[in-house]
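Working notes, structure below.
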Amino acid sequence: QVQLVESGGGLVQPGGSLRLSCAASGFAFSVYRMTWVRQAPGKGREWVSNISPDGSSTEYIDSVKGRFTVSRDNAKNMLFLQMNSLKVEDTAVYYCAKLGVGGDFWGQGTQVTVSS
C-alpha cells in the first residue's frame, strides 16, 4: 500500500531554514509527479509545489518562489522541500502527496512553525 511519511518540521525563527523530507513506499515512486501541500491554522489546504517524475521540472506557488526548492532522490524514494527565508505566514502543516493517476494519497503531515 502507498505510504508517505514526512519529517523535518519544527519551530524556526523568521528568516531561518528547514528541510522537509518525505519517505515514499508502496508504489513506483520514480514514475509519478509528487506534490507538497500545506494547511495553515484555520485555513484550507494550499498547493505549494510540484516536481516531475525525473525531477527536471518544478513548479511553485508565487509566495514561495525563490525561497523554497523541491527535489527528489528516486534511488531512495525520497522527496524533499528545502525552505529558506521562512516567514511567519509559512506556518502550517506540510504534507507530501501523490495526486491524480492511481488515486490521491497523503502523508500524515509535519508541523512547521515560524515564530520569534
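Identifiers for the C-alpha cells are assigned positionally: chains receive A, B, ... in sequence, residues are indexed from 1 per chain, and ligands are indexed from 1 in the order shown.
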- Message: Let's see if you can do this: from backbone DSSP, list all strand (DSSP E) residues in region 29-110 of chain A, as number ranges by chain.
- Response: A: 34-39, 45-51, 58-60, 68-73, 78-83, 92-98, 105-106, 110
Proximity of region 31-50 of chain A to region 86-108 of chain A: per-residue shortest pair, 8 Å limit, only C-alpha atoms, as a tab-separated table:
residue	atom	partner	partner_atom	distance
A:Tyr32	CA	A:Lys98	CA	7.4
A:Arg33	CA	A:Lys98	CA	7.0
A:Met34	CA	A:Lys98	CA	5.3
A:Thr35	CA	A:Ala97	CA	5.1
A:Trp36	CA	A:Cys96	CA	4.6
A:Val37	CA	A:Tyr95	CA	5.2
A:Arg38	CA	A:Tyr94	CA	4.3
A:Gln39	CA	A:Ala92	CA	5.1
A:Ala40	CA	A:Ala92	CA	4.0
A:Pro41	CA	A:Ala92	CA	6.5
- What separates CA of Ala28 (chain A) and CA of Val2 (chain A) is a distance of 9.5 Å
- Could you check which of A:Ser56, A:Ser49, A:Thr113, A:Ser21 is closest to Leu4 (chain A), using only C-alpha atoms?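 Among the listed residues, A:Ser21 lies closest to Leu4 (chain A).
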- Item | Nearest residue to Glu6 (chain A) from the set A:Lys65, A:Trp47, A:Gln111, A:Gln82 (distances using only C-alpha atoms) |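 Using only C-alpha atoms, the shortest distance to Glu6 (chain A) belongs to A:Gln111.
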- Residue nearest Val114 (chain A) among A:Ala24, A:Leu11, A:Val31, A:Leu81 (counting only C-alpha atoms):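 Answer, going by the shortest atom-to-atom distance: A:Leu11.
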- What separation in Å, quoted to one decimal, exists between CA of Phe80 (chain A) and CA of Leu20 (chain A)?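 CA of Leu20 (chain A) lies 5.5 Å from CA of Phe80 (chain A).
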